[in-house]
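Student: The file below is coords_23.cif, mmCIF, N, CA, C and O atoms:
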data_input
loop_
_atom_site.label_atom_id
_atom_site.label_comp_id
_atom_site.auth_asym_id
_atom_site.auth_seq_id
_atom_site.Cartn_x
_atom_site.Cartn_y
_atom_site.Cartn_z
N MET A 1 -1.30 15.65 6.95
CA MET A 1 -0.92 15.64 5.55
C MET A 1 0.40 14.90 5.38
O MET A 1 0.55 14.12 4.45
N LEU A 2 1.35 15.13 6.27
CA LEU A 2 2.64 14.46 6.17
C LEU A 2 2.48 12.96 6.43
O LEU A 2 3.11 12.14 5.75
N LEU A 3 1.64 12.61 7.40
CA LEU A 3 1.39 11.20 7.69
C LEU A 3 0.74 10.52 6.50
O LEU A 3 1.09 9.37 6.16
N TYR A 4 -0.18 11.21 5.83
CA TYR A 4 -0.83 10.64 4.65
C TYR A 4 0.20 10.40 3.55
O TYR A 4 0.20 9.35 2.92
N ARG A 5 1.07 11.38 3.31
CA ARG A 5 2.09 11.22 2.26
C ARG A 5 3.03 10.07 2.57
O ARG A 5 3.40 9.30 1.68
N ALA A 6 3.43 9.95 3.83
CA ALA A 6 4.32 8.86 4.22
C ALA A 6 3.63 7.51 4.03
O ALA A 6 4.23 6.56 3.49
N LEU A 7 2.39 7.41 4.44
CA LEU A 7 1.64 6.17 4.29
C LEU A 7 1.40 5.84 2.83
O LEU A 7 1.46 4.68 2.42
N ARG A 8 1.16 6.85 2.02
CA ARG A 8 0.98 6.63 0.58
C ARG A 8 2.26 6.12 -0.05
O ARG A 8 2.23 5.24 -0.91
N TRP A 9 3.42 6.66 0.37
CA TRP A 9 4.69 6.20 -0.16
C TRP A 9 4.95 4.75 0.25
O TRP A 9 5.39 3.94 -0.58
N VAL A 10 4.67 4.42 1.50
CA VAL A 10 4.86 3.04 1.97
C VAL A 10 3.95 2.10 1.18
O VAL A 10 4.37 1.01 0.78
N ASN A 11 2.72 2.51 0.92
CA ASN A 11 1.80 1.68 0.13
C ASN A 11 2.28 1.48 -1.29
O ASN A 11 2.04 0.44 -1.89
N SER A 12 2.95 2.47 -1.85
CA SER A 12 3.42 2.32 -3.23
C SER A 12 4.69 1.46 -3.30
O SER A 12 4.93 0.80 -4.31
N VAL A 13 5.49 1.43 -2.24
CA VAL A 13 6.75 0.69 -2.25
C VAL A 13 6.58 -0.73 -1.71
O VAL A 13 7.33 -1.63 -2.07
N TYR A 14 5.60 -0.94 -0.87
CA TYR A 14 5.43 -2.22 -0.16
C TYR A 14 5.33 -3.44 -1.10
O TYR A 14 6.03 -4.43 -0.87
N PRO A 15 4.50 -3.41 -2.15
CA PRO A 15 4.42 -4.61 -3.00
C PRO A 15 5.76 -4.95 -3.67
O PRO A 15 6.13 -6.12 -3.76
N LEU A 16 6.47 -3.95 -4.12
CA LEU A 16 7.76 -4.19 -4.75
C LEU A 16 8.78 -4.72 -3.75
O LEU A 16 9.57 -5.61 -4.05
N ALA A 17 8.75 -4.19 -2.54
CA ALA A 17 9.66 -4.68 -1.50
C ALA A 17 9.36 -6.13 -1.15
O ALA A 17 10.28 -6.94 -0.96
N MET A 18 8.09 -6.49 -1.07
CA MET A 18 7.73 -7.88 -0.80
C MET A 18 8.16 -8.79 -1.95
O MET A 18 8.63 -9.90 -1.72
N PHE A 19 8.01 -8.32 -3.18
CA PHE A 19 8.42 -9.12 -4.33
C PHE A 19 9.91 -9.42 -4.28
O PHE A 19 10.34 -10.56 -4.45
N PHE A 20 10.72 -8.39 -4.02
CA PHE A 20 12.16 -8.60 -3.99
C PHE A 20 12.60 -9.41 -2.78
O PHE A 20 13.57 -10.17 -2.85
N SER A 21 11.89 -9.30 -1.66
CA SER A 21 12.27 -10.14 -0.52
C SER A 21 11.92 -11.60 -0.80
O SER A 21 12.71 -12.49 -0.45
N TYR A 22 10.80 -11.88 -1.46
CA TYR A 22 10.49 -13.26 -1.82
C TYR A 22 11.44 -13.78 -2.88
O TYR A 22 11.81 -14.95 -2.88
N LEU A 23 11.87 -12.92 -3.79
CA LEU A 23 12.85 -13.32 -4.80
C LEU A 23 14.18 -13.65 -4.13
O LEU A 23 14.84 -14.64 -4.49
N THR A 24 14.58 -12.86 -3.14
CA THR A 24 15.81 -13.12 -2.40
C THR A 24 15.72 -14.44 -1.63
O THR A 24 16.68 -15.23 -1.61
N ILE A 25 14.57 -14.69 -1.02
CA ILE A 25 14.38 -15.95 -0.30
C ILE A 25 14.46 -17.13 -1.27
O ILE A 25 15.06 -18.16 -0.96
N ALA A 26 13.88 -16.98 -2.46
CA ALA A 26 13.92 -18.07 -3.44
C ALA A 26 15.34 -18.35 -3.91
O ALA A 26 15.75 -19.51 -4.04
N VAL A 27 16.11 -17.30 -4.17
CA VAL A 27 17.50 -17.49 -4.61
C VAL A 27 18.33 -18.12 -3.49
O VAL A 27 19.13 -19.03 -3.74
N ALA A 28 18.15 -17.65 -2.28
CA ALA A 28 18.89 -18.21 -1.14
C ALA A 28 18.50 -19.67 -0.91
O ALA A 28 19.36 -20.51 -0.62
N THR A 29 17.23 -19.99 -1.06
CA THR A 29 16.77 -21.37 -0.89
C THR A 29 17.37 -22.27 -1.96
O THR A 29 17.82 -23.38 -1.68
N PHE A 30 17.41 -21.79 -3.20
CA PHE A 30 18.00 -22.58 -4.27
C PHE A 30 19.49 -22.81 -4.04
O PHE A 30 20.01 -23.89 -4.32
N ALA A 31 20.17 -21.79 -3.52
CA ALA A 31 21.61 -21.92 -3.28
C ALA A 31 21.90 -22.90 -2.14
O ALA A 31 22.93 -23.58 -2.15
N VAL A 32 21.01 -22.99 -1.16
CA VAL A 32 21.27 -23.81 0.01
C VAL A 32 20.65 -25.19 -0.09
O VAL A 32 21.08 -26.12 0.60
N CYS A 33 19.67 -25.38 -0.94
CA CYS A 33 18.89 -26.62 -0.92
C CYS A 33 19.72 -27.86 -1.24
O CYS A 33 19.36 -28.95 -0.81
N PHE A 34 20.82 -27.73 -1.96
CA PHE A 34 21.64 -28.90 -2.27
C PHE A 34 22.58 -29.24 -1.12
O PHE A 34 22.96 -30.40 -0.95
N LEU A 35 22.97 -28.22 -0.33
CA LEU A 35 23.86 -28.48 0.80
C LEU A 35 23.10 -28.96 2.02
O LEU A 35 23.52 -29.91 2.69
N MET A 36 22.00 -28.28 2.33
CA MET A 36 21.19 -28.63 3.50
C MET A 36 19.71 -28.61 3.09
O MET A 36 19.06 -27.57 3.14
N PRO A 37 19.19 -29.75 2.65
CA PRO A 37 17.80 -29.78 2.16
C PRO A 37 16.77 -29.37 3.21
O PRO A 37 15.72 -28.85 2.87
N VAL A 38 17.06 -29.58 4.47
CA VAL A 38 16.11 -29.23 5.53
C VAL A 38 15.89 -27.72 5.54
O VAL A 38 14.76 -27.23 5.70
N ILE A 39 16.94 -26.95 5.36
CA ILE A 39 16.81 -25.49 5.35
C ILE A 39 16.00 -25.03 4.14
O ILE A 39 15.20 -24.10 4.23
N GLY A 40 16.17 -25.72 3.02
CA GLY A 40 15.36 -25.39 1.84
C GLY A 40 13.88 -25.63 2.08
O GLY A 40 13.04 -24.81 1.71
N VAL A 41 13.55 -26.74 2.71
CA VAL A 41 12.15 -27.05 3.01
C VAL A 41 11.59 -26.06 4.03
O VAL A 41 10.46 -25.56 3.88
N LEU A 42 12.36 -25.74 5.07
CA LEU A 42 11.90 -24.78 6.07
C LEU A 42 11.71 -23.39 5.47
O LEU A 42 10.77 -22.67 5.82
N SER A 43 12.58 -23.01 4.57
CA SER A 43 12.45 -21.72 3.90
C SER A 43 11.20 -21.68 3.04
O SER A 43 10.50 -20.66 3.00
N LEU A 44 10.91 -22.77 2.37
CA LEU A 44 9.70 -22.84 1.55
C LEU A 44 8.45 -22.74 2.42
O LEU A 44 7.52 -21.99 2.10
N ILE A 45 8.42 -23.46 3.53
CA ILE A 45 7.28 -23.41 4.43
C ILE A 45 7.12 -22.02 5.02
O ILE A 45 6.01 -21.49 5.11
N PHE A 46 8.24 -21.40 5.44
CA PHE A 46 8.18 -20.05 5.99
C PHE A 46 7.62 -19.06 4.97
O PHE A 46 6.77 -18.23 5.30
N SER A 47 8.09 -19.15 3.73
CA SER A 47 7.64 -18.18 2.73
C SER A 47 6.15 -18.35 2.40
O SER A 47 5.46 -17.36 2.16
N ILE A 48 5.67 -19.56 2.43
CA ILE A 48 4.25 -19.79 2.16
C ILE A 48 3.39 -19.22 3.30
O ILE A 48 2.41 -18.52 3.07
N PHE A 49 3.78 -19.50 4.54
CA PHE A 49 3.00 -19.03 5.69
C PHE A 49 3.19 -17.55 5.96
O PHE A 49 2.37 -16.94 6.64
N ALA A 50 4.26 -16.95 5.47
CA ALA A 50 4.48 -15.51 5.66
C ALA A 50 3.72 -14.68 4.64
O ALA A 50 3.64 -13.46 4.78
N LEU A 51 3.17 -15.31 3.63
CA LEU A 51 2.45 -14.57 2.60
C LEU A 51 1.15 -13.96 3.13
O LEU A 51 0.83 -12.81 2.82
N LEU A 52 0.43 -14.69 3.94
CA LEU A 52 -0.83 -14.17 4.49
C LEU A 52 -0.61 -12.94 5.39
O LEU A 52 -1.30 -11.93 5.19
N PRO A 53 0.33 -12.95 6.33
CA PRO A 53 0.56 -11.72 7.10
C PRO A 53 1.05 -10.56 6.24
O PRO A 53 0.69 -9.40 6.51
N ALA A 54 1.82 -10.83 5.21
CA ALA A 54 2.29 -9.75 4.33
C ALA A 54 1.12 -9.09 3.61
O ALA A 54 1.05 -7.87 3.50
N VAL A 55 0.17 -9.89 3.15
CA VAL A 55 -1.01 -9.35 2.48
C VAL A 55 -1.89 -8.59 3.48
O VAL A 55 -2.41 -7.52 3.17
N LEU A 56 -2.04 -9.13 4.68
CA LEU A 56 -2.85 -8.46 5.69
C LEU A 56 -2.25 -7.11 6.10
O LEU A 56 -2.98 -6.13 6.28
N VAL A 57 -0.93 -7.04 6.22
CA VAL A 57 -0.27 -5.77 6.54
C VAL A 57 -0.52 -4.76 5.44
O VAL A 57 -0.79 -3.58 5.70
N TRP A 58 -0.46 -5.21 4.18
CA TRP A 58 -0.70 -4.29 3.07
C TRP A 58 -2.14 -3.78 3.08
O TRP A 58 -2.40 -2.61 2.83
N ARG A 59 -3.09 -4.66 3.40
CA ARG A 59 -4.50 -4.24 3.49
C ARG A 59 -4.70 -3.22 4.61
O ARG A 59 -5.45 -2.25 4.45
N VAL A 60 -4.03 -3.41 5.74
CA VAL A 60 -4.14 -2.47 6.85
C VAL A 60 -3.53 -1.12 6.46
O VAL A 60 -4.08 -0.07 6.78
N LEU A 61 -2.40 -1.14 5.77
CA LEU A 61 -1.79 0.10 5.31
C LEU A 61 -2.70 0.85 4.34
O LEU A 61 -2.85 2.07 4.42
N GLN A 62 -3.35 0.13 3.43
CA GLN A 62 -4.28 0.76 2.50
C GLN A 62 -5.49 1.32 3.23
O GLN A 62 -5.96 2.42 2.91
N ALA A 63 -6.00 0.59 4.22
CA ALA A 63 -7.15 1.08 4.98
C ALA A 63 -6.78 2.34 5.76
O ALA A 63 -7.57 3.28 5.87
N GLY A 64 -5.57 2.39 6.31
CA GLY A 64 -5.11 3.58 7.02
C GLY A 64 -4.99 4.78 6.09
O GLY A 64 -5.34 5.90 6.47
N GLU A 65 -4.50 4.54 4.89
CA GLU A 65 -4.40 5.64 3.91
C GLU A 65 -5.77 6.18 3.56
O GLU A 65 -5.99 7.41 3.52
N ARG A 66 -6.73 5.30 3.31
CA ARG A 66 -8.09 5.74 2.98
C ARG A 66 -8.74 6.46 4.16
O ARG A 66 -9.46 7.43 3.98
N TRP A 67 -8.48 5.99 5.39
CA TRP A 67 -9.04 6.62 6.58
C TRP A 67 -8.52 8.04 6.75
O TRP A 67 -9.29 8.96 7.03
N LEU A 68 -7.22 8.22 6.56
CA LEU A 68 -6.65 9.57 6.65
C LEU A 68 -7.19 10.48 5.55
O LEU A 68 -7.45 11.66 5.77
N ALA A 69 -7.36 9.93 4.35
CA ALA A 69 -7.88 10.73 3.23
C ALA A 69 -9.33 11.14 3.48
O ALA A 69 -9.71 12.28 3.21
N ARG A 70 -10.15 10.23 4.01
CA ARG A 70 -11.55 10.57 4.29
C ARG A 70 -11.66 11.69 5.30
O ARG A 70 -12.49 12.58 5.17
N GLY A 71 -10.80 11.66 6.33
CA GLY A 71 -10.82 12.73 7.33
C GLY A 71 -10.48 14.08 6.73
O GLY A 71 -11.10 15.10 7.05
N ALA A 72 -9.49 14.10 5.86
CA ALA A 72 -9.11 15.37 5.23
C ALA A 72 -10.19 15.84 4.25
O ALA A 72 -10.48 17.04 4.18
N ILE A 73 -10.80 14.93 3.53
CA ILE A 73 -11.83 15.29 2.56
C ILE A 73 -13.06 15.84 3.28
O ILE A 73 -13.70 16.78 2.80
N ARG A 74 -13.39 15.28 4.44
CA ARG A 74 -14.52 15.81 5.21
C ARG A 74 -14.28 17.25 5.63
O ARG A 74 -15.21 18.04 5.73
N ARG A 75 -13.03 17.61 5.89
CA ARG A 75 -12.68 18.99 6.24
C ARG A 75 -12.47 19.86 5.01
O ARG A 75 -12.06 21.00 5.13
N GLN A 76 -12.73 19.32 3.82
CA GLN A 76 -12.55 20.01 2.53
C GLN A 76 -11.09 20.42 2.30
O GLN A 76 -10.79 21.48 1.77
N VAL A 77 -10.16 19.55 2.72
CA VAL A 77 -8.73 19.77 2.54
C VAL A 77 -8.18 18.60 1.74
O VAL A 77 -8.52 17.45 2.00
N CYS A 78 -7.33 18.90 0.78
CA CYS A 78 -6.71 17.85 -0.02
C CYS A 78 -5.68 17.09 0.83
O CYS A 78 -4.81 17.71 1.43
N PRO A 79 -5.75 15.76 0.87
CA PRO A 79 -4.76 15.00 1.63
C PRO A 79 -3.35 15.08 1.04
O PRO A 79 -2.37 14.93 1.75
N GLU A 80 -3.24 15.31 -0.25
CA GLU A 80 -1.93 15.36 -0.91
C GLU A 80 -1.19 16.67 -0.65
O GLU A 80 -0.04 16.68 -0.27
N CYS A 81 -1.86 17.80 -0.91
CA CYS A 81 -1.15 19.09 -0.87
C CYS A 81 -1.68 20.07 0.17
O CYS A 81 -1.06 21.09 0.42
N GLY A 82 -2.82 19.81 0.76
CA GLY A 82 -3.39 20.72 1.75
C GLY A 82 -4.24 21.82 1.15
O GLY A 82 -4.69 22.71 1.86
N GLY A 83 -4.47 21.78 -0.15
CA GLY A 83 -5.30 22.79 -0.80
C GLY A 83 -6.78 22.50 -0.60
O GLY A 83 -7.17 21.52 0.03
N GLY A 84 -7.61 23.35 -1.18
CA GLY A 84 -9.05 23.17 -1.06
C GLY A 84 -9.57 22.14 -2.05
O GLY A 84 -8.98 21.90 -3.09
N MET A 85 -10.70 21.56 -1.71
CA MET A 85 -11.33 20.55 -2.57
C MET A 85 -12.45 21.19 -3.38
O MET A 85 -13.13 22.09 -2.90
N ILE A 86 -12.64 20.71 -4.59
CA ILE A 86 -13.72 21.16 -5.46
C ILE A 86 -14.92 20.25 -5.20
O ILE A 86 -14.78 19.03 -5.19
N ASN A 87 -16.09 20.83 -5.00
CA ASN A 87 -17.31 20.04 -4.83
C ASN A 87 -17.99 19.92 -6.18
O ASN A 87 -18.67 20.84 -6.62
N PRO A 88 -17.84 18.79 -6.86
CA PRO A 88 -18.49 18.63 -8.15
C PRO A 88 -19.98 18.36 -7.99
O PRO A 88 -20.47 18.14 -6.88
N GLY A 89 -20.70 18.36 -9.10
CA GLY A 89 -22.13 18.08 -9.06
C GLY A 89 -22.41 16.65 -8.65
O GLY A 89 -23.39 16.37 -7.97
N SER A 90 -21.53 15.72 -9.04
CA SER A 90 -21.71 14.33 -8.64
C SER A 90 -20.95 14.08 -7.34
O SER A 90 -19.99 14.77 -7.02
N VAL A 91 -21.38 13.11 -6.59
CA VAL A 91 -20.73 12.80 -5.33
C VAL A 91 -19.81 11.58 -5.46
O VAL A 91 -19.41 11.00 -4.47
N ASP A 92 -19.47 11.21 -6.70
CA ASP A 92 -18.63 10.03 -6.91
C ASP A 92 -17.18 10.29 -6.52
O ASP A 92 -16.51 9.44 -5.97
N CYS A 93 -16.66 11.47 -6.85
CA CYS A 93 -15.28 11.79 -6.50
C CYS A 93 -15.14 13.28 -6.27
O CYS A 93 -15.97 14.07 -6.69
N GLN A 94 -14.07 13.65 -5.57
CA GLN A 94 -13.77 15.05 -5.32
C GLN A 94 -12.37 15.34 -5.82
O GLN A 94 -11.47 14.53 -5.67
N ASP A 95 -12.18 16.53 -6.39
CA ASP A 95 -10.90 16.92 -6.95
C ASP A 95 -10.29 18.03 -6.11
O ASP A 95 -10.97 18.81 -5.48
N CYS A 96 -8.96 18.11 -6.17
CA CYS A 96 -8.24 19.18 -5.49
C CYS A 96 -8.11 20.36 -6.44
O CYS A 96 -7.91 20.19 -7.65
N GLN A 97 -8.22 21.57 -5.91
CA GLN A 97 -8.08 22.76 -6.74
C GLN A 97 -6.64 22.97 -7.19
O GLN A 97 -6.39 23.43 -8.29
N ASP A 98 -5.69 22.63 -6.34
CA ASP A 98 -4.30 22.94 -6.62
C ASP A 98 -3.57 21.83 -7.38
O ASP A 98 -3.00 22.06 -8.44
N CYS A 99 -3.57 20.61 -6.85
CA CYS A 99 -2.78 19.54 -7.47
C CYS A 99 -3.59 18.62 -8.37
O CYS A 99 -3.05 17.70 -8.97
N ARG A 100 -4.88 18.82 -8.45
CA ARG A 100 -5.79 18.04 -9.31
C ARG A 100 -5.83 16.55 -8.96
O ARG A 100 -6.10 15.71 -9.81
N ALA A 101 -5.55 16.22 -7.71
CA ALA A 101 -5.70 14.84 -7.26
C ALA A 101 -7.19 14.57 -7.08
O ALA A 101 -7.94 15.44 -6.63
N ALA A 102 -7.63 13.37 -7.43
CA ALA A 102 -9.04 13.01 -7.31
C ALA A 102 -9.17 11.85 -6.33
O ALA A 102 -8.37 10.92 -6.33
N PHE A 103 -10.20 11.92 -5.49
CA PHE A 103 -10.45 10.89 -4.49
C PHE A 103 -11.91 10.47 -4.58
O PHE A 103 -12.80 11.28 -4.80
N ASP A 104 -12.16 9.16 -4.39
CA ASP A 104 -13.54 8.70 -4.40
C ASP A 104 -14.13 8.87 -3.00
O ASP A 104 -13.49 9.36 -2.09
N VAL A 105 -15.38 8.42 -2.83
CA VAL A 105 -16.07 8.64 -1.56
C VAL A 105 -15.49 7.81 -0.43
O VAL A 105 -15.69 8.11 0.74
N HIS A 106 -14.74 6.75 -0.76
CA HIS A 106 -14.13 5.89 0.26
C HIS A 106 -12.74 6.38 0.65
O HIS A 106 -12.11 5.78 1.53
N GLY A 107 -12.22 7.41 0.00
CA GLY A 107 -10.92 7.95 0.33
C GLY A 107 -9.80 7.43 -0.53
O GLY A 107 -8.65 7.81 -0.34
N ALA A 108 -10.09 6.54 -1.45
CA ALA A 108 -9.05 6.01 -2.33
C ALA A 108 -8.72 7.00 -3.44
O ALA A 108 -9.60 7.70 -3.93
N ARG A 109 -7.47 7.06 -3.81
CA ARG A 109 -7.05 7.97 -4.88
C ARG A 109 -7.52 7.40 -6.21
O ARG A 109 -7.39 6.23 -6.51
N VAL A 110 -8.11 8.28 -7.04
CA VAL A 110 -8.64 7.90 -8.34
C VAL A 110 -7.68 8.40 -9.41
O VAL A 110 -7.25 9.54 -9.38
N VAL A 111 -7.34 7.54 -10.35
CA VAL A 111 -6.48 7.92 -11.45
C VAL A 111 -7.35 8.62 -12.50
O VAL A 111 -8.32 8.05 -13.00
N VAL A 112 -7.01 9.84 -12.80
CA VAL A 112 -7.80 10.62 -13.76
C VAL A 112 -7.15 10.58 -15.12
O VAL A 112 -6.00 10.61 -15.31
#
Do you think you could lay out the structure here as structure tokens?
Tutor:
Amino acid sequence: MLLYRALRWVNSVYPLAMFFSYLTIAVATFAVCFLMPVIGVLSLIFSIFALLPAVLVWRVLQAGERWLARGAIRRQVCPECGGGMINPGSVDCQDCQDCRAAFDVHGARVVV
């Protein structure tokens, strides 16, 4: 449960952290590009090629969160709070009795 919460927090912060790091790289590149144009070009190339690994890391983090959630849901335990899960008539999503968090069959959190 603690690992799920930590991974969920990292997943929620990761896109914003990547945005601000790319913004910082852009500002630094603009500040340096007139003094040393080679560093500006290298920074641009680095930021373009670093985008794919950043997206792949985010996908892996999301897959890990869903994997942990599926394991807890199979045991009828809420991944968020550790409470019991409600078995609804439909199998599309499951709700927690205590915190009312909803999860779909793939383990992703559903906004209710």
Student: With only N, CA, C and O atoms as the basis for distance, which of A:Val111, A:Gln76, A:Arg100, A:Glu65 is at the shortest distance from Arg5 (chain A)?
Tutor: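 Looking at the shortest contact to Arg5 (chain A), the residue is A:Glu65.
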Student: Can you translate the PyMOL selection byres (((chain A and resi 107 and name CA) around 10) and name CA) into the concrete residues it hits in this file, as a PyMOL selection string?
Tutor: chain A and resi 63-74+79+93-94+102-106+108-110
Student: What is the atom O of Thr24 (chain A)-atom N of Arg59 (chain A) distance in Å, reported with one decimal?
Tutor: 23.0 Å
Student: Please write the residues picked by the PyMOL selection byres (((chain A and resi 98 and name CA) around 9) and name CA) on this file as a compact mmCIF listing (two decimals) with N, CA, C and O atoms, in the coordinates of the input.
Tutor:
# COMPACT_ATOMS: atom_id res chain seq x y z
N CYS A 78 -7.33 18.90 0.78
CA CYS A 78 -6.71 17.85 -0.02
C CYS A 78 -5.68 17.09 0.83
O CYS A 78 -4.81 17.71 1.43
N CYS A 81 -1.86 17.80 -0.91
CA CYS A 81 -1.15 19.09 -0.87
C CYS A 81 -1.68 20.07 0.17
O CYS A 81 -1.06 21.09 0.42
N GLY A 82 -2.82 19.81 0.76
CA GLY A 82 -3.39 20.72 1.75
C GLY A 82 -4.24 21.82 1.15
O GLY A 82 -4.69 22.71 1.86
N GLY A 83 -4.47 21.78 -0.15
CA GLY A 83 -5.30 22.79 -0.80
C GLY A 83 -6.78 22.50 -0.60
O GLY A 83 -7.17 21.52 0.03
N GLY A 84 -7.61 23.35 -1.18
CA GLY A 84 -9.05 23.17 -1.06
C GLY A 84 -9.57 22.14 -2.05
O GLY A 84 -8.98 21.90 -3.09
N MET A 85 -10.70 21.56 -1.71
CA MET A 85 -11.33 20.55 -2.57
C MET A 85 -12.45 21.19 -3.38
O MET A 85 -13.13 22.09 -2.90
N ASP A 95 -12.18 16.53 -6.39
CA ASP A 95 -10.90 16.92 -6.95
C ASP A 95 -10.29 18.03 -6.11
O ASP A 95 -10.97 18.81 -5.48
N CYS A 96 -8.96 18.11 -6.17
CA CYS A 96 -8.24 19.18 -5.49
C CYS A 96 -8.11 20.36 -6.44
O CYS A 96 -7.91 20.19 -7.65
N GLN A 97 -8.22 21.57 -5.91
CA GLN A 97 -8.08 22.76 -6.74
C GLN A 97 -6.64 22.97 -7.19
O GLN A 97 -6.39 23.43 -8.29
N CYS A 99 -3.57 20.61 -6.85
CA CYS A 99 -2.78 19.54 -7.47
C CYS A 99 -3.59 18.62 -8.37
O CYS A 99 -3.05 17.70 -8.97
N ARG A 100 -4.88 18.82 -8.45
CA ARG A 100 -5.79 18.04 -9.31
C ARG A 100 -5.83 16.55 -8.96
O ARG A 100 -6.10 15.71 -9.81
N ALA A 101 -5.55 16.22 -7.71
CA ALA A 101 -5.70 14.84 -7.26
C ALA A 101 -7.19 14.57 -7.08
O ALA A 101 -7.94 15.44 -6.63
Student: Identify all residues of chain A in helix (DSSP H, G or I) (DSSP on the backbone) and supply them as JSON, numbers by chain.
Tutor: {"A": [2, 3, 4, 5, 6, 7, 8, 9, 10, 11, 12, 13, 14, 15, 16, 17, 18, 19, 20, 21, 22, 23, 24, 25, 26, 27, 28, 29, 30, 31, 32, 37, 38, 39, 40, 41, 42, 43, 44, 45, 46, 47, 48, 49, 50, 51, 52, 53, 54, 55, 56, 57, 58, 59, 60, 61, 62, 63, 64, 65, 66, 67, 68, 69, 70, 71, 72, 73, 74]}
Student: If you run DSSP on this backbone, which residues of chain A come out as strand (DSSP E or B), and could you give them as a list in words?
Tutor: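 Checking each residue of chain A, the strand (DSSP E or B) ones are Val77, Gly84, Met85, Ile86, Cys93, Gln94, Asp95, Cys96, Ala102, Phe103, Asp104, Arg109 and Val110 of chain A.
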Student: Can you spell out as an MDAnalysis selection string the set of residues that the PyMOL selection byres (((chain A and resi 39-45 and name CA) around 12) and name CA) selects in the structure I just provided?
Tutor: chainID A and resid 22:38 46:51
Student: What separation in Å, quoted to one decimal, exists between atom N of Ala6 (chain A) and CA of Gln62 (chain A)?
Tutor: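 Pair atom N of Ala6 (chain A) / CA of Gln62 (chain A) returns 12.1 Å.
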Student: Hey, what's within 9 Å of Asn11 (chain A) if we count only C-alpha atoms and toss same-chain stuff fewer than 2 positions away? As a list in words, please?
Tutor: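 Final neighbour list, sorted by chain and number: Ala6, Leu7, Arg8, Trp9, Val13, Tyr14, Pro15, Trp58, Leu61, Gln62 and Glu65 of chain A.
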Student: Output N, CA, C and O atoms for every residue in that selection, as a PDB file, in the coordinates of the input.
Tutor:
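So the final result, stored in out.pdb, reads:
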ATOM      1  N   ALA A   6       3.430   9.950   3.830  1.00  0.00           N
ATOM      2  CA  ALA A   6       4.320   8.860   4.220  1.00  0.00           C
ATOM      3  C   ALA A   6       3.630   7.510   4.030  1.00  0.00           C
ATOM      4  O   ALA A   6       4.230   6.560   3.490  1.00  0.00           O
ATOM      5  N   LEU A   7       2.390   7.410   4.440  1.00  0.00           N
ATOM      6  CA  LEU A   7       1.640   6.170   4.290  1.00  0.00           C
ATOM      7  C   LEU A   7       1.400   5.840   2.830  1.00  0.00           C
ATOM      8  O   LEU A   7       1.460   4.680   2.420  1.00  0.00           O
ATOM      9  N   ARG A   8       1.160   6.850   2.020  1.00  0.00           N
ATOM     10  CA  ARG A   8       0.980   6.630   0.580  1.00  0.00           C
ATOM     11  C   ARG A   8       2.260   6.120  -0.050  1.00  0.00           C
ATOM     12  O   ARG A   8       2.230   5.240  -0.910  1.00  0.00           O
ATOM     13  N   TRP A   9       3.420   6.660   0.370  1.00  0.00           N
ATOM     14  CA  TRP A   9       4.690   6.200  -0.160  1.00  0.00           C
ATOM     15  C   TRP A   9       4.950   4.750   0.250  1.00  0.00           C
ATOM     16  O   TRP A   9       5.390   3.940  -0.580  1.00  0.00           O
ATOM     17  N   VAL A  13       5.490   1.430  -2.240  1.00  0.00           N
ATOM     18  CA  VAL A  13       6.750   0.690  -2.250  1.00  0.00           C
ATOM     19  C   VAL A  13       6.580  -0.730  -1.710  1.00  0.00           C
ATOM     20  O   VAL A  13       7.330  -1.630  -2.070  1.00  0.00           O
ATOM     21  N   TYR A  14       5.600  -0.940  -0.870  1.00  0.00           N
ATOM     22  CA  TYR A  14       5.430  -2.220  -0.160  1.00  0.00           C
ATOM     23  C   TYR A  14       5.330  -3.440  -1.100  1.00  0.00           C
ATOM     24  O   TYR A  14       6.030  -4.430  -0.870  1.00  0.00           O
ATOM     25  N   PRO A  15       4.500  -3.410  -2.150  1.00  0.00           N
ATOM     26  CA  PRO A  15       4.420  -4.610  -3.000  1.00  0.00           C
ATOM     27  C   PRO A  15       5.760  -4.950  -3.670  1.00  0.00           C
ATOM     28  O   PRO A  15       6.130  -6.120  -3.760  1.00  0.00           O
ATOM     29  N   TRP A  58      -0.460  -5.210   4.180  1.00  0.00           N
ATOM     30  CA  TRP A  58      -0.700  -4.290   3.070  1.00  0.00           C
ATOM     31  C   TRP A  58      -2.140  -3.780   3.080  1.00  0.00           C
ATOM     32  O   TRP A  58      -2.400  -2.610   2.830  1.00  0.00           O
ATOM     33  N   LEU A  61      -2.400  -1.140   5.770  1.00  0.00           N
ATOM     34  CA  LEU A  61      -1.790   0.100   5.310  1.00  0.00           C
ATOM     35  C   LEU A  61      -2.700   0.850   4.340  1.00  0.00           C
ATOM     36  O   LEU A  61      -2.850   2.070   4.420  1.00  0.00           O
ATOM     37  N   GLN A  62      -3.350   0.130   3.430  1.00  0.00           N
ATOM     38  CA  GLN A  62      -4.280   0.760   2.500  1.00  0.00           C
ATOM     39  C   GLN A  62      -5.490   1.320   3.230  1.00  0.00           C
ATOM     40  O   GLN A  62      -5.960   2.420   2.910  1.00  0.00           O
ATOM     41  N   GLU A  65      -4.500   4.540   4.890  1.00  0.00           N
ATOM     42  CA  GLU A  65      -4.400   5.640   3.910  1.00  0.00           C
ATOM     43  C   GLU A  65      -5.770   6.180   3.560  1.00  0.00           C
ATOM     44  O   GLU A  65      -5.990   7.410   3.520  1.00  0.00           O
TER      45      GLU A  65
END
Student: Would you work out the distance separating CA of Met1 (chain A) from CA of Val77 (chain A), expressed in Å to one decimal?
Tutor: 9.3 Å
